[in-house]
Amino acid sequence: MFQHHQKRVKPFYSPPTLILRQALSALYFGYLVRWAKLPYWLMQGRKTLPTAAGAIGMGCIGFPTHPVWEVTSACNLRCKQCHAEAGRRGSEELSTEEGKRLLDEMARVGEFRMLAFGGGEPLVRPDIFELVEYARGLGLEVSIATNGTLLTLERAKRFKKMGVANIAIGLNANDKAVHEGITQVSGSFEKTMQAIYNTLELGMNLQINTTVMKENRSLIPGLLDFASDVGAEIVLLYQLMPEGRGDEEMELSIKEFKALTEMVLEKQRRSRTIIETVCYPQYWAYLMRRNGRGALGMRLAETVFKGCVAGSGLCYIKPDGDVWACPFIPISAGNVRNRPLDEIWREAELFQTLRDRRNLKGRCGVCPYNNICGGCRGRAYAHSGDYLGEDPFCFLSHSTTTAVP
């Protein structure tokens, strides 16, 4: 049995402090996109802002600094794009006691105020409620990333009672045939939709996660409309990464990346939901190129937009305790069974290298938007084997495409 460190409950930020810290990000983002529904979104701050846990800024995977714990590789779906190739439970999965020790170590990192539980499917894990309750006792805000099929109303109520800040539900399209064509499990669409409505019924913060690929690209505008219509607070719009079950044939072309970005901007202007792009940090540079104003605007943007946060803001723990900089960079910086997480976070060479963007190569290394974008490190790794290489799908400065004006 492991001896846990004495609990040190993190102080909760008062609502005024949360609002002041996060308002800078939302207001500047709203200005750049000409977001008509920003006042409505801010009114939902009593639900949305605790998810940010006082963070300033937007990164490539939501709020810029937080750990994600992939608690299991087990999953009841077989999604075509799954980077983790989730299915069966691994033999080296951290036990409940090891998981609690990991949570203790997270709580020692001052900038870790919010934790996302993911998978696989975290609700497959029998001790998920025990782990969530323990994390909440340490003062960590909690997000649950789920495919929704196991999130009954009763389970959602338990999460709400524990004070879970955010429920992130994966939806491939607002279309049964396309969604289930990707999950490869019949009946999954209805169960996921029911989970969305369960979350809304309870008044919890709803986040919708989707991965854009060739199979669902034409349905993304409708999905964004659906998210706005039902009142989802956040959409994380992932770009498919050729990792795990995902392959390059499913990936969008550079031209399609650019068209998607233009569509997202138009949707954001009228949406009640904040749309955050994942695995293409060029979105933030795109906004600045279109609407940014001078040196002052760039300084503000560098405060608000963090771009790719692999290793600099994101700490990704695998089911067996390996610590990665990103779910799409399969390189271990250490294992929590052998070294405390807080030490890995502070000292690991992988993280230290990624935190200095002067280390980036090619076009990413010399780009004027380096500090607010940095290129997708996961995509660079997937296509070249070098996580410091240039992002080959940058539509802002690609030699074979017309750069965005």
# chains A, B, ... in the order shown; residues from 1 in each chain; ligands from 1
>>> closest_atom_pairs(of="region 135-245 of chain A", to="region 370-382 of chain A", cutoff="12 Å", atoms="only C-alpha atoms", output="JSON lines")
{"residue": "A:Tyr238", "atom": "CA", "partner": "A:Cys376", "partner_atom": "CA", "distance": 11.6}
{"residue": "A:Gln239", "atom": "CA", "partner": "A:Arg379", "partner_atom": "CA", "distance": 9.7}
{"residue": "A:Leu240", "atom": "CA", "partner": "A:Arg379", "partner_atom": "CA", "distance": 9.4}
{"residue": "A:Met241", "atom": "CA", "partner": "A:Arg379", "partner_atom": "CA", "distance": 6.6}
{"residue": "A:Pro242", "atom": "CA", "partner": "A:Ala382", "partner_atom": "CA", "distance": 6.4}
{"residue": "A:Glu243", "atom": "CA", "partner": "A:Ala382", "partner_atom": "CA", "distance": 6.9}
{"residue": "A:Gly244", "atom": "CA", "partner": "A:Ala382", "partner_atom": "CA", "distance": 10.4}
>>> write_last_selection(atoms="N, CA, C and O atoms", output="PDB file, in the first residue's frame")
ATOM      1  N   TYR A 238     -11.252  19.161 -32.557  1.00  0.00           N
ATOM      2  CA  TYR A 238      -9.979  18.499 -32.821  1.00  0.00           C
ATOM      3  C   TYR A 238      -9.792  18.290 -34.324  1.00  0.00           C
ATOM      4  O   TYR A 238     -10.753  18.061 -35.062  1.00  0.00           O
ATOM      5  N   GLN A 239      -8.532  18.336 -34.760  1.00  0.00           N
ATOM      6  CA  GLN A 239      -8.185  17.878 -36.098  1.00  0.00           C
ATOM      7  C   GLN A 239      -7.628  16.469 -35.983  1.00  0.00           C
ATOM      8  O   GLN A 239      -6.796  16.199 -35.113  1.00  0.00           O
ATOM      9  N   LEU A 240      -8.084  15.583 -36.851  1.00  0.00           N
ATOM     10  CA  LEU A 240      -7.607  14.210 -36.783  1.00  0.00           C
ATOM     11  C   LEU A 240      -6.086  14.156 -36.883  1.00  0.00           C
ATOM     12  O   LEU A 240      -5.476  14.847 -37.700  1.00  0.00           O
ATOM     13  N   MET A 241      -5.500  13.357 -36.032  1.00  0.00           N
ATOM     14  CA  MET A 241      -4.064  13.143 -36.033  1.00  0.00           C
ATOM     15  C   MET A 241      -3.793  11.711 -36.508  1.00  0.00           C
ATOM     16  O   MET A 241      -4.447  10.773 -36.035  1.00  0.00           O
ATOM     17  N   PRO A 242      -2.880  11.513 -37.437  1.00  0.00           N
ATOM     18  CA  PRO A 242      -2.590  10.146 -37.898  1.00  0.00           C
ATOM     19  C   PRO A 242      -1.781   9.366 -36.862  1.00  0.00           C
ATOM     20  O   PRO A 242      -0.599   9.058 -37.054  1.00  0.00           O
ATOM     21  N   GLU A 243      -2.433   9.076 -35.748  1.00  0.00           N
ATOM     22  CA  GLU A 243      -1.852   8.290 -34.656  1.00  0.00           C
ATOM     23  C   GLU A 243      -2.866   7.226 -34.261  1.00  0.00           C
ATOM     24  O   GLU A 243      -4.073   7.417 -34.406  1.00  0.00           O
ATOM     25  N   GLY A 244      -2.431   6.125 -33.722  1.00  0.00           N
ATOM     26  CA  GLY A 244      -3.345   5.091 -33.275  1.00  0.00           C
ATOM     27  C   GLY A 244      -4.152   4.532 -34.442  1.00  0.00           C
ATOM     28  O   GLY A 244      -3.597   4.141 -35.467  1.00  0.00           O
TER      29      GLY A 244
END
>>> select_by_dssp(residues="region 80-299 of chain A", states="helix (DSSP H, G or I)", output="MDAnalysis selection string")
chainID A and resid 96:107 122:124 128:137 153:162 176:183 188:201 217:230 248:250 254:270 282:291 294:299
>>> closest_residue(among="A:Ala301, A:Leu252, A:Leu38, A:Leu224", to="Lys267 (chain A)", atoms="only C-alpha atoms")
A:Leu224
>>> closest_residue(among="A:Lys161, A:Arg293, A:Arg78, A:Arg101", to="Gly181 (chain A)", atoms="only C-alpha atoms")
A:Arg78
>>> residues_around(residues="Arg245 (chain A)", least_positions_apart="5", cutoff="10 Å", atoms="only C-alpha atoms", output="list in words")
Arg78, Cys79, Lys80, Gln81, Cys82, His83, Ala84, Glu85 and Ala86 of chain A
>>> write_last_selection(atoms="N, CA and C atoms", output="mmCIF file, in the first residue's frame")
data_model
loop_
_atom_site.group_PDB
_atom_site.id
_atom_site.type_symbol
_atom_site.label_atom_id
_atom_site.label_comp_id
_atom_site.auth_asym_id
_atom_site.auth_seq_id
_atom_site.Cartn_x
_atom_site.Cartn_y
_atom_site.Cartn_z
ATOM 1 N N ARG A 78 -15.314 1.697 -30.544
ATOM 2 C CA ARG A 78 -14.112 1.415 -31.336
ATOM 3 C C ARG A 78 -13.942 2.511 -32.389
ATOM 4 N N CYS A 79 -13.861 3.756 -31.927
ATOM 5 C CA CYS A 79 -13.855 4.897 -32.842
ATOM 6 C C CYS A 79 -12.669 4.831 -33.807
ATOM 7 N N LYS A 80 -12.940 5.130 -35.065
ATOM 8 C CA LYS A 80 -11.942 4.995 -36.123
ATOM 9 C C LYS A 80 -10.747 5.916 -35.923
ATOM 10 N N GLN A 81 -10.973 7.071 -35.290
ATOM 11 C CA GLN A 81 -9.903 8.066 -35.172
ATOM 12 C C GLN A 81 -9.124 7.959 -33.872
ATOM 13 N N CYS A 82 -9.434 7.007 -33.008
ATOM 14 C CA CYS A 82 -8.897 6.985 -31.649
ATOM 15 C C CYS A 82 -7.374 6.877 -31.642
ATOM 16 N N HIS A 83 -6.723 7.920 -31.125
ATOM 17 C CA HIS A 83 -5.256 7.933 -31.068
ATOM 18 C C HIS A 83 -4.732 6.904 -30.074
ATOM 19 N N ALA A 84 -5.559 6.575 -29.047
ATOM 20 C CA ALA A 84 -5.136 5.637 -28.014
ATOM 21 C C ALA A 84 -5.444 4.187 -28.380
ATOM 22 N N GLU A 85 -6.109 3.985 -29.525
ATOM 23 C CA GLU A 85 -6.521 2.634 -29.930
ATOM 24 C C GLU A 85 -7.236 1.935 -28.781
ATOM 25 N N ALA A 86 -8.124 2.681 -28.123
ATOM 26 C CA ALA A 86 -8.791 2.172 -26.922
ATOM 27 C C ALA A 86 -9.670 0.968 -27.248
#
>>> residues_around(residues="region 204-210 of chain A", least_positions_apart="2", cutoff="8 Å", atoms="only C-alpha atoms", output="ChimeraX atom specification")
/A:47-48,160,165-173,196,199-202,212,227,231-238
>>> write_last_selection(atoms="C-alpha atoms", output="PDB file, in the first residue's frame")
ATOM      1  CA  LYS A  47     -20.772  27.365 -14.939  1.00  0.00           C
ATOM      2  CA  THR A  48     -18.004  28.018 -17.453  1.00  0.00           C
ATOM      3  CA  LYS A 160     -22.762  17.108 -10.014  1.00  0.00           C
ATOM      4  CA  ALA A 165     -17.013  21.460 -13.163  1.00  0.00           C
ATOM      5  CA  ASN A 166     -17.356  20.150 -16.704  1.00  0.00           C
ATOM      6  CA  ILE A 167     -18.739  17.233 -18.697  1.00  0.00           C
ATOM      7  CA  ALA A 168     -17.045  16.852 -22.103  1.00  0.00           C
ATOM      8  CA  ILE A 169     -18.964  14.534 -24.414  1.00  0.00           C
ATOM      9  CA  GLY A 170     -17.637  13.205 -27.713  1.00  0.00           C
ATOM     10  CA  LEU A 171     -19.972  13.649 -30.688  1.00  0.00           C
ATOM     11  CA  ASN A 172     -18.740  12.985 -34.225  1.00  0.00           C
ATOM     12  CA  ALA A 173     -21.741  14.510 -35.992  1.00  0.00           C
ATOM     13  CA  ILE A 196     -25.892  15.550 -23.617  1.00  0.00           C
ATOM     14  CA  THR A 199     -25.967  17.189 -18.630  1.00  0.00           C
ATOM     15  CA  LEU A 200     -28.147  20.062 -19.783  1.00  0.00           C
ATOM     16  CA  GLU A 201     -31.048  18.976 -17.571  1.00  0.00           C
ATOM     17  CA  LEU A 202     -28.808  19.133 -14.511  1.00  0.00           C
ATOM     18  CA  VAL A 212     -12.763  16.613 -37.814  1.00  0.00           C
ATOM     19  CA  ALA A 227     -23.992  22.956 -29.964  1.00  0.00           C
ATOM     20  CA  GLY A 231     -26.504  25.855 -25.144  1.00  0.00           C
ATOM     21  CA  ALA A 232     -23.208  23.977 -24.920  1.00  0.00           C
ATOM     22  CA  GLU A 233     -20.652  26.279 -23.310  1.00  0.00           C
ATOM     23  CA  ILE A 234     -17.594  24.921 -25.150  1.00  0.00           C
ATOM     24  CA  VAL A 235     -16.786  22.993 -28.324  1.00  0.00           C
ATOM     25  CA  LEU A 236     -13.317  21.519 -28.690  1.00  0.00           C
ATOM     26  CA  LEU A 237     -12.801  21.009 -32.408  1.00  0.00           C
ATOM     27  CA  TYR A 238      -9.979  18.499 -32.821  1.00  0.00           C
TER      28      TYR A 238
END
>>> residues_around(residues="region 60-70 of chain A", least_positions_apart="2", cutoff="8 Å", atoms="only C-alpha atoms", output="ChimeraX atom specification")
/A:52,55-58,72-73,106,111-120,122,236,276-281,306-309,312-319
>>> closest_residue(among="A:Asp320, A:Glu180, A:Glu190, A:Glu249", to="Val71 (chain A)", atoms="only C-alpha atoms")
A:Asp320
>>> closest_residue(among="A:Glu141, A:Ala107, A:Arg269, A:Tyr369", to="Lys37 (chain A)", atoms="only C-alpha atoms")
A:Arg269
